[in-house]
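Student: Below you'll find the structure I mean.
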There are 2 protein chains.
Amino acid sequence: MRTLLVLASALFLSTCFAAAQTPSTLTLMPVPAKIQPGAGQLVVDQLFTVAVTGARDARLDSGIPRFLDQVSRQTGMPLNNQAADSAKAALVIHVENVGHKVQELGEDESYTLEVSPAHATLTAATPLGALHGLQTFLQLVEPTPAGFAVPVLTIRDEPRFGWRGLLIDVCRHFIPLDVMRRNVDGMAALKMNVLHWHLSDDEGFRVESKKLPKLHELGSQGQYYTQAEIREFVAYARDRGVRVVPEFEMPGHSRAIVVGYPELASQPGPYPPGRVSRDASALDVTQEKTYKFLDKLIGEMAGLFPDAYFHIGGDEVDDKPWNSNARIQEFIHAHGMKDNRDLQAYFNQRLEKIVSKHGKIMMGWDEILHPSLPKTVVVQSWRGQESLAAAAKQGYRGLLSNGYYLDLMFPAAQHYAVDPMSGAAATLTPEEAKRILGGEACMWSEFVTAETIDSRIWPRLAAIAERLWSPQDVKDAKSMYQRLDEVSWRLGWLGLTHESNYVPMLRRLAGKEDVRSLRILADAVEPTKEYTRSEVFPEPPVQRVPLNRLVDAARPESAVARNFAEIVRSYIESGYKDASAEAQLRAWLVKWQGNHAMLKPLLEGSFLLIEDQPLSEDLATLSAAGLQALDAIGKSQPLPEAWRVEQLAVVERSMKPRANLEIMLAPSIQKLIEAAAPHANP
Amino acid sequence: MRTLLVLASALFLSTCFAAAQTPSTLTLMPVPAKIQPGAGQLVVDQLFTVAVTGARDARLDSGIPRFLDQVSRQTGMPLNNQAADSAKAALVIHVENVGHKVQELGEDESYTLEVSPAHATLTAATPLGALHGLQTFLQLVEPTPAGFAVPVLTIRDEPRFGWRGLLIDVCRHFIPLDVMRRNVDGMAALKMNVLHWHLSDDEGFRVESKKLPKLHELGSQGQYYTQAEIREFVAYARDRGVRVVPEFEMPGHSRAIVVGYPELASQPGPYPPGRVSRDASALDVTQEKTYKFLDKLIGEMAGLFPDAYFHIGGDEVDDKPWNSNARIQEFIHAHGMKDNRDLQAYFNQRLEKIVSKHGKIMMGWDEILHPSLPKTVVVQSWRGQESLAAAAKQGYRGLLSNGYYLDLMFPAAQHYAVDPMSGAAATLTPEEAKRILGGEACMWSEFVTAETIDSRIWPRLAAIAERLWSPQDVKDAKSMYQRLDEVSWRLGWLGLTHESNYVPMLRRLAGKEDVRSLRILADAVEPTKEYTRSEVFPEPPVQRVPLNRLVDAARPESAVARNFAEIVRSYIESGYKDASAEAQLRAWLVKWQGNHAMLKPLLEGSFLLIEDQPLSEDLATLSAAGLQALDAIGKSQPLPEAWRVEQLAVVERSMKPRANLEIMLAPSIQKLIEAAAPHANP
């Protein structure tokens, strides 16, 4: 991969570049800090063995067989798994120190991987670094004419940020543990190290509480993790170098808590169990019993989650429940506070003492930021770099989530371009800048189920993982996409379903095996962006809405539309002379133009597809316009203004949400239309 | 589905046919004994509920939530799962009797399913019938313009044979329990009812033995099921109406036994553990200690497997170990036996007494058949209907496996055409005919792993399931294939990987995301048939041979080749006048002709694909010949004999195994060549 080598060479003496193997096909993601390419390769065959020297750690002891199993899965080769001493092993791992008992923020995650034609050496200060190095090795194993092999090279690698997280919301839709586990596997493959588990919200409280059992009994609709399951999951994540930070939302987003304990609510309720709605709820933070309750809850949960950080949410506290409670308003007045925000600050101060008492560092969303809180508190910013920089200037540590919301269906490149140190954060002093710990992608689960969540997380999360791990100047989107396409299918070896569930979901929609025409449409559309999804069904609780429509099957980012846009760009840049680009565009447009006739019977045969009929029609119409445009450009015979106006109306319509989808080719076809019918100057 | 309705109408008064909904899209497999179509449909929405009346049984109690979960999975709709009484439920199930404590051969499996626009009723004599009826219901749920729905109809159904089995060999390659379980789910979906578990063979003894622990400790390479796992699996299968019949091979195919207990072998050995080879081995059946050992083994295993039947193998006893042991030959002589076959009969007689003593009915392969055995013994025939009929005439019960070997890579239609009651079996008296219990498909595992086994079993097993369940006159292969194509992807909802593993395996071969050109080749070839597979690797034990080649990814039956053959047939039958057929053929041929140029870089880049280069070249050459043929036919200008000879040489080469693959389009293209260059009469 030329781009990667260019990247690598930028970090090295240019002489290294001359030694590079050609042509390189490295698919490393995230890009390592430093790569020194070499000549030749290390063959990975059935006799491949691993030996360990130096410190021993349980994570390494379980990580090595898992690594070997993964080599087998990727290559389809059973390994002989013979024991090998370090003198004979194909890969020797040397770790200097055992890690901390509980994985810590800022532990050394660096590693060095040296590959020669005879063997490879992986050295790391801690087992965490070794685990990362093994993932790099796995990415390097590829089929070559001489067998599966790893290229000769030296990699010295370390993360740019110590906090590289993914939030998974298991409240709006419950996500079973097997899905959680395979996503942790995916995170580890991309060197991410924090799973932020959003465990309580209005729609559900997802943890068994032995001390406050009505939390899960009444607040979870029966969908929760037992404490044994949580312990097992935390250990699973730890084995893979991933910390688990739990989040319990308070004082807002707390309906699931007051279902079982209505006496904590700011309004009398009732809060019937089972119903899950968007009713505003907020804990009554003026009562002492609320703090007694939270002390009990946090004490129990602090024991269950070993991580040093404890997230208390704290965002979007609705004013209504507090405003309409006279006693609460009196309390605000009596204590000399000026508004509800002051009340929340008061709450957070008291909460922080409880969290500290139980040995944890408190984290929360932007809204918790208040000078009354100690500087140990960590702020997670859904608002952006400005908010983050402001916190850092006040002495608080923080991480960025704004720009990393996977549920908003933005393309990978858009997330990739978001840097925690950009904007206001770029102006921080070195000391302040150190307070930016990293970032977290967020997977809010209003519109995902166990079936679809992988397809929203992957492969786009890999772009965010690279942003948080790789050097700041690694930012070429084209290189990122080339590698992302390869990383995506390889993630399938971990059981992730983002690719494998696509066609089955299309077949469900059609009730038919042959969904070629439906796939052509699905490949050309994307779910609408941001918070634009509307549901056609009458208001059931969010968890009961069927997520079985084309918008649920469609990928967040259409690779077909991305590639088509690329070809249109080449074609235009060539001054409409690139015949190969023209031929490719024509082939696509012909296919799309003819697709509606084939797809129509499927669309008419299934109630789930009827809503997609206008999209399919417009795809055909747009493509016809694109073909007319190509013809006109080819003959240098501009088309009339009336044609242009007519076609641009179709373009405009195609970019508007229908069935919660947008036709992503529209902007590219628009360029062809405008080229074929240049706007007449007045 | 016209064919199905024709079938149905053949079984009913023709007046029923007039009432049929149009156009039917029923995808029932196996075809029920009797279908009476009606008008309208029962909508299956989120309020769908089930109620049970009559006898209660644990299998039904667990089967109903599983059924509802399956409805959710198929439709992508969470169900509200509200309790419903029988007056309000959408589906009411009435079962007359609880079943036997251990599921028995010949238990009533019939059911009646009546669907009206308001609700459905499922009645059955036993829970087994109800489980089958639920599977039928699941197959009927399809998207329609008015929602997911089941058509109004009445089905009265029962199996033709009581024994509808699948043998899975877990010795040549160990098959993990999750793979076993999903295959049992698939069997249940197709109303199969016996899992024949081939648990011991030369390559491994796969069951934990507490009484004879060296069996699994030394004979399994660490790959075996614990007794707890076996109990759990047997209960899992029972819950789904599937009996589990264990097979322990003796006196041949017994190397894994003598690894731990060499004193039982006919030759002194040594039999080192871990090495797995094709060394001939046979138990020394002249020693009393062998019978003491078998008494212990069978006693323990009889307690572990509740089924009434116990399979002792008995096939392919190699003469060498017995011939070269003087003491054994002396024993034969001293006891007035004439040869090794008599010795095996002596062994089987004694073995049968042991098996009986432990409360089981002995089963074995053809070779055990000997008049000295009691008539209770059941013979499984790998030899064919003649052998089966001979056994039935002698009073023995039997089942057919000849013609149902899935590992031989034959097309579904070939298995479908094999009827247990055909050939010699067709001449049996009614009483003798009753002794033919049914049949069993066999999945021998020399060349499958957990990754590929599903793709060898499915979807072809569904055709065998239909043969064994449906009326004998249900035999239209075209209808079978139409339904098979739909059943195949639906089996994916059970987690079966026969479709989902295909593209990932191609990507592994290429090491690339974009495998469109490789897929075009893979779609056009099939693994060679029967026992023709040869390995290019030097003789490792069978379990260590990497099964990661194109032959492992390729499907046993190429749907593309089947469809292409169909179009060629239409084209020829139209007197070369069917322009649409001609256009379709041309489109395929153009694609194949151009494919090699695109595929070449992938083939050259991976050591795993180099062997497929000649196939890709010949596919292009064949297609060029096909296009020349079409041109010549279109212009009515016959091509010369020299051209014909040259092209037929390519056809011949294409049908010969290379890289263990055959180009399945070759016979169809041959027809075009012969039409374009008719053989000159001498």
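By order of appearance in the structure tokens: chains A, B, ..., then residues from 1 within every chain, and ligands from 1 in the order shown.
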Neighbouring residues of B:Leu128 were defined as those with any atom within 7 Å, considering only C-alpha atoms; residues of the same chain fewer than 2 positions away were excluded. Please report them as a PDB file with N, CA, C and O atoms, in the first residue's frame.

Tutor:
ATOM      1  N   GLU B 109     -46.144 -39.083  14.378  1.00  0.00           N
ATOM      2  CA  GLU B 109     -45.577 -37.755  14.111  1.00  0.00           C
ATOM      3  C   GLU B 109     -46.533 -36.901  13.266  1.00  0.00           C
ATOM      4  O   GLU B 109     -46.149 -35.850  12.772  1.00  0.00           O
ATOM      5  N   THR B 126     -49.228 -36.336  19.249  1.00  0.00           N
ATOM      6  CA  THR B 126     -48.101 -36.279  20.186  1.00  0.00           C
ATOM      7  C   THR B 126     -47.380 -34.936  20.043  1.00  0.00           C
ATOM      8  O   THR B 126     -47.563 -34.229  19.041  1.00  0.00           O
ATOM      9  N   ALA B 130     -46.758 -31.968  16.876  1.00  0.00           N
ATOM     10  CA  ALA B 130     -46.919 -30.519  17.072  1.00  0.00           C
ATOM     11  C   ALA B 130     -45.647 -29.773  16.685  1.00  0.00           C
ATOM     12  O   ALA B 130     -45.698 -28.721  16.038  1.00  0.00           O
ATOM     13  N   LEU B 131     -44.489 -30.320  17.067  1.00  0.00           N
ATOM     14  CA  LEU B 131     -43.220 -29.673  16.679  1.00  0.00           C
ATOM     15  C   LEU B 131     -43.090 -29.601  15.164  1.00  0.00           C
ATOM     16  O   LEU B 131     -42.690 -28.584  14.602  1.00  0.00           O
ATOM     17  N   HIS B 132     -43.456 -30.690  14.479  1.00  0.00           N
ATOM     18  CA  HIS B 132     -43.397 -30.668  13.012  1.00  0.00           C
ATOM     19  C   HIS B 132     -44.356 -29.611  12.453  1.00  0.00           C
ATOM     20  O   HIS B 132     -44.023 -28.900  11.505  1.00  0.00           O
ATOM     21  N   GLY B 241     -37.301 -33.058  18.805  1.00  0.00           N
ATOM     22  CA  GLY B 241     -37.863 -34.227  18.121  1.00  0.00           C
ATOM     23  C   GLY B 241     -36.837 -35.057  17.394  1.00  0.00           C
ATOM     24  O   GLY B 241     -37.165 -35.753  16.424  1.00  0.00           O
TER      25      GLY B 241
END

Student: So that I can check the surroundings of stretch 506-517 of chain A, please list as a VMD selection string every protein, DNA and RNA residue that reaches within 8 Å of it, counting only C-alpha atoms and ignoring chain neighbours fewer than 6 positions away.

Tutor: (chain A and resid 548 to 550 553 595 to 596 598 to 599 602 to 603 605 to 606 608 to 609) or (chain B and resid 74 to 75 142 to 143 485 to 486 489)

Student: Given only C-alpha atoms as the basis, pick out the residue of A:Asp284, A:Glu611, A:Asp315, A:Asp295 nearest to chain B.

Tutor: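 So, comparing all the options, the nearest one is A:Glu611.
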
Student: If chain A is superposed onto chain B by least squares using every Cα atom in order, what is the RMSD, in Å to one decimal?

Tutor: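 Once chain A is overlaid on chain B, the RMSD is 0.1 Å.
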
Student: Excluding B:Leu437 and residues on its chain fewer than 3 positions from it, collect all residues at most 7 Å away from it, counting only C-alpha atoms, and give them as number ranges by chain.

Tutor: B: 161-163, 397-399, 434

Student: I'd like to know which of B:Ala256, B:Ile64, B:Ala524, B:Asp45 is closest to B:Thr144, using only C-alpha atoms.

Tutor: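 Closest candidate: B:Asp45.
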
Student: Restricting the calculation to only C-alpha atoms: of A:Ala308, A:Leu138, A:Val234, A:Leu166, which residue gets closest to A:Glu104?

Tutor: A:Ala308

Student: Applying 9 Å and only C-alpha atoms, which residues near stretch 347-362 of chain A remain after dropping the ones on its own chain fewer than 6 positions away? List them as number ranges by chain.

Tutor: A: 251, 285-286, 291, 294-295, 298-299, 302-303, 307-312, 314, 368, 370, 372-374, 376-379

Student: Given the choices A:Gly438, A:Pro145, A:Pro471, A:Pro37, which gets closest to chain B if the distance is worked out from only C-alpha atoms?

Tutor: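 Closest residue, counting only C-alpha atoms: A:Pro145.
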
Student: Just how far from atom CA of A:Glu566 is atom CA of A:Leu619, in Å to one decimal?

Tutor: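 Interatomic distance here is 18.5 Å.
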
Student: Just the helix (DSSP H, G or I) stuff from stretch 132-360 of chain A, please, per backbone DSSP, written as an NGL selection string.

Tutor: :A and (132-140 or 177-189 or 214-219 or 227-239 or 255-260 or 262-264 or 288-304 or 319-323 or 326-334 or 340-357)

Student: Can you work out the spacing between atom CA of B:Ile453 and atom CA of B:His498 in Å, to one decimal?

Tutor: 7.9 Å

Student: Counting only C-alpha atoms, which of B:Ile168, B:Ala39, B:Met409, B:Met505 gets nearest to chain A?

Tutor: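 Using only C-alpha atoms, the shortest distance to chain A belongs to B:Met505.
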
Student: Which residue gives the smallest distance to B:Glu582 among B:Ala629, B:Leu79, B:Asp618, B:Leu68, with only C-alpha atoms counted?

Tutor: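 Among B:Ala629, B:Leu79, B:Asp618, B:Leu68, it is B:Ala629 that comes nearest to B:Glu582.
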
Student: Near stretch 113-115 of chain A, counting only C-alpha atoms, which residues have an atom at most 9 Å away, once you skip same-chain residues fewer than 4 positions from it, shown as an mmCIF file with N, CA and C atoms, in the first residue's frame?

Tutor:
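For reference, out26.cif as written:
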data_model
loop_
_atom_site.group_PDB
_atom_site.id
_atom_site.type_symbol
_atom_site.label_atom_id
_atom_site.label_comp_id
_atom_site.auth_asym_id
_atom_site.auth_seq_id
_atom_site.Cartn_x
_atom_site.Cartn_y
_atom_site.Cartn_z
ATOM 1 N N GLY A 38 11.238 -3.618 5.270
ATOM 2 C CA GLY A 38 12.444 -4.368 4.938
ATOM 3 C C GLY A 38 12.205 -5.175 3.678
ATOM 4 N N GLN A 41 10.204 -11.853 3.483
ATOM 5 C CA GLN A 41 9.046 -12.140 4.317
ATOM 6 C C GLN A 41 9.289 -13.341 5.216
ATOM 7 N N LEU A 42 8.516 -13.395 6.278
ATOM 8 C CA LEU A 42 8.540 -14.532 7.199
ATOM 9 C C LEU A 42 7.312 -15.390 6.890
ATOM 10 N N LEU A 91 7.871 -16.849 16.488
ATOM 11 C CA LEU A 91 7.601 -15.551 17.107
ATOM 12 C C LEU A 91 7.981 -15.630 18.581
ATOM 13 N N HIS A 119 12.512 -15.214 11.686
ATOM 14 C CA HIS A 119 11.594 -15.198 12.822
ATOM 15 C C HIS A 119 11.208 -13.770 13.171
ATOM 16 N N ALA A 120 10.299 -13.657 14.139
ATOM 17 C CA ALA A 120 9.830 -12.336 14.553
ATOM 18 C C ALA A 120 9.998 -12.202 16.060
ATOM 19 N N THR A 121 10.220 -10.965 16.486
ATOM 20 C CA THR A 121 10.359 -10.684 17.911
ATOM 21 C C THR A 121 9.395 -9.578 18.281
ATOM 22 N N LEU A 122 8.667 -9.812 19.340
ATOM 23 C CA LEU A 122 7.729 -8.803 19.829
ATOM 24 C C LEU A 122 8.141 -8.460 21.246
ATOM 25 N N THR A 123 8.520 -7.208 21.479
ATOM 26 C CA THR A 123 8.898 -6.812 22.837
ATOM 27 C C THR A 123 7.997 -5.689 23.303
ATOM 28 N N ALA A 124 7.669 -5.731 24.584
ATOM 29 C CA ALA A 124 6.771 -4.720 25.138
ATOM 30 C C ALA A 124 7.059 -4.561 26.619
ATOM 31 N N GLY A 133 0.701 -5.755 19.951
ATOM 32 C CA GLY A 133 1.653 -6.229 18.943
ATOM 33 C C GLY A 133 1.144 -7.482 18.237
ATOM 34 N N LEU A 134 0.464 -8.350 18.988
ATOM 35 C CA LEU A 134 -0.102 -9.559 18.364
ATOM 36 C C LEU A 134 -1.181 -9.187 17.352
ATOM 37 N N THR A 136 -1.231 -6.469 15.612
ATOM 38 C CA THR A 136 -0.504 -5.979 14.435
ATOM 39 C C THR A 136 -0.008 -7.158 13.604
ATOM 40 N N PHE A 137 0.540 -8.146 14.284
ATOM 41 C CA PHE A 137 1.029 -9.334 13.575
ATOM 42 C C PHE A 137 -0.107 -9.973 12.767
ATOM 43 N N VAL A 150 4.329 -12.834 6.593
ATOM 44 C CA VAL A 150 4.390 -11.484 7.159
ATOM 45 C C VAL A 150 5.609 -10.819 6.555
ATOM 46 N N PRO A 151 5.470 -9.571 6.092
ATOM 47 C CA PRO A 151 6.640 -8.933 5.477
ATOM 48 C C PRO A 151 7.711 -8.593 6.513
ATOM 49 N N VAL A 152 8.940 -8.612 6.057
ATOM 50 C CA VAL A 152 10.044 -8.190 6.919
ATOM 51 C C VAL A 152 9.908 -6.687 7.176
ATOM 52 N N LEU A 153 9.929 -6.327 8.433
ATOM 53 C CA LEU A 153 9.821 -4.909 8.796
ATOM 54 C C LEU A 153 10.098 -4.744 10.281
ATOM 55 N N THR A 154 10.189 -3.512 10.692
ATOM 56 C CA THR A 154 10.268 -3.198 12.115
ATOM 57 C C THR A 154 9.217 -2.139 12.421
ATOM 58 N N ILE A 155 8.427 -2.424 13.425
ATOM 59 C CA ILE A 155 7.405 -1.470 13.838
ATOM 60 C C ILE A 155 7.680 -1.074 15.283
ATOM 61 N N ARG A 156 7.740 0.235 15.514
ATOM 62 C CA ARG A 156 7.777 0.742 16.894
ATOM 63 C C ARG A 156 6.508 1.541 17.081
ATOM 64 N N ASP A 157 5.718 1.105 18.007
ATOM 65 C CA ASP A 157 4.358 1.638 18.041
ATOM 66 C C ASP A 157 3.946 2.001 19.456
#

Student: Could you pull out the strand (DSSP E or B) residues of stretch 187-238 of chain A from DSSP and send them as a list in words?

Tutor: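 Output for stretch 187-238 of chain A, strand (DSSP E or B) only: Val194, Leu195, His196, Trp197, His198, Leu199, Ser200, Asp201, Gly204, Phe205, Val207 and Tyr225 of chain A.
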
Student: So that I have them on file, write out the residues from the current selection with N, CA and C atoms, as an mmCIF file, in the first residue's frame.

Tutor:
data_model
loop_
_atom_site.group_PDB
_atom_site.id
_atom_site.type_symbol
_atom_site.label_atom_id
_atom_site.label_comp_id
_atom_site.auth_asym_id
_atom_site.auth_seq_id
_atom_site.Cartn_x
_atom_site.Cartn_y
_atom_site.Cartn_z
ATOM 1 N N VAL A 194 -11.134 1.017 25.941
ATOM 2 C CA VAL A 194 -12.169 1.282 26.951
ATOM 3 C C VAL A 194 -13.551 0.960 26.380
ATOM 4 N N LEU A 195 -14.258 0.083 27.054
ATOM 5 C CA LEU A 195 -15.659 -0.156 26.742
ATOM 6 C C LEU A 195 -16.463 0.608 27.783
ATOM 7 N N HIS A 196 -17.150 1.619 27.333
ATOM 8 C CA HIS A 196 -18.004 2.437 28.203
ATOM 9 C C HIS A 196 -19.408 1.845 28.090
ATOM 10 N N TRP A 197 -19.861 1.295 29.205
ATOM 11 C CA TRP A 197 -21.100 0.508 29.172
ATOM 12 C C TRP A 197 -22.229 1.356 29.740
ATOM 13 N N HIS A 198 -23.090 1.820 28.871
ATOM 14 C CA HIS A 198 -24.202 2.689 29.272
ATOM 15 C C HIS A 198 -25.334 1.802 29.798
ATOM 16 N N LEU A 199 -25.371 1.641 31.112
ATOM 17 C CA LEU A 199 -26.160 0.567 31.729
ATOM 18 C C LEU A 199 -27.501 1.002 32.299
ATOM 19 N N SER A 200 -27.695 2.306 32.476
ATOM 20 C CA SER A 200 -29.020 2.707 32.955
ATOM 21 C C SER A 200 -29.465 3.959 32.232
ATOM 22 N N ASP A 201 -30.727 4.012 31.927
ATOM 23 C CA ASP A 201 -31.321 5.150 31.239
ATOM 24 C C ASP A 201 -32.834 5.047 31.441
ATOM 25 N N GLY A 204 -34.287 1.508 30.634
ATOM 26 C CA GLY A 204 -33.954 0.246 31.297
ATOM 27 C C GLY A 204 -32.775 0.368 32.246
ATOM 28 N N PHE A 205 -32.827 -0.423 33.302
ATOM 29 C CA PHE A 205 -31.701 -0.555 34.224
ATOM 30 C C PHE A 205 -31.200 -1.981 34.024
ATOM 31 N N VAL A 207 -28.540 -3.953 35.119
ATOM 32 C CA VAL A 207 -27.642 -4.721 35.986
ATOM 33 C C VAL A 207 -28.429 -5.291 37.153
ATOM 34 N N TYR A 225 -28.159 -7.968 32.937
ATOM 35 C CA TYR A 225 -27.035 -8.872 33.142
ATOM 36 C C TYR A 225 -26.969 -9.237 34.616
#

Student: So what do you get for atom CA of A:Glu217 versus atom CA of A:Asp202, distance-wise?

Tutor: 14.8 Å
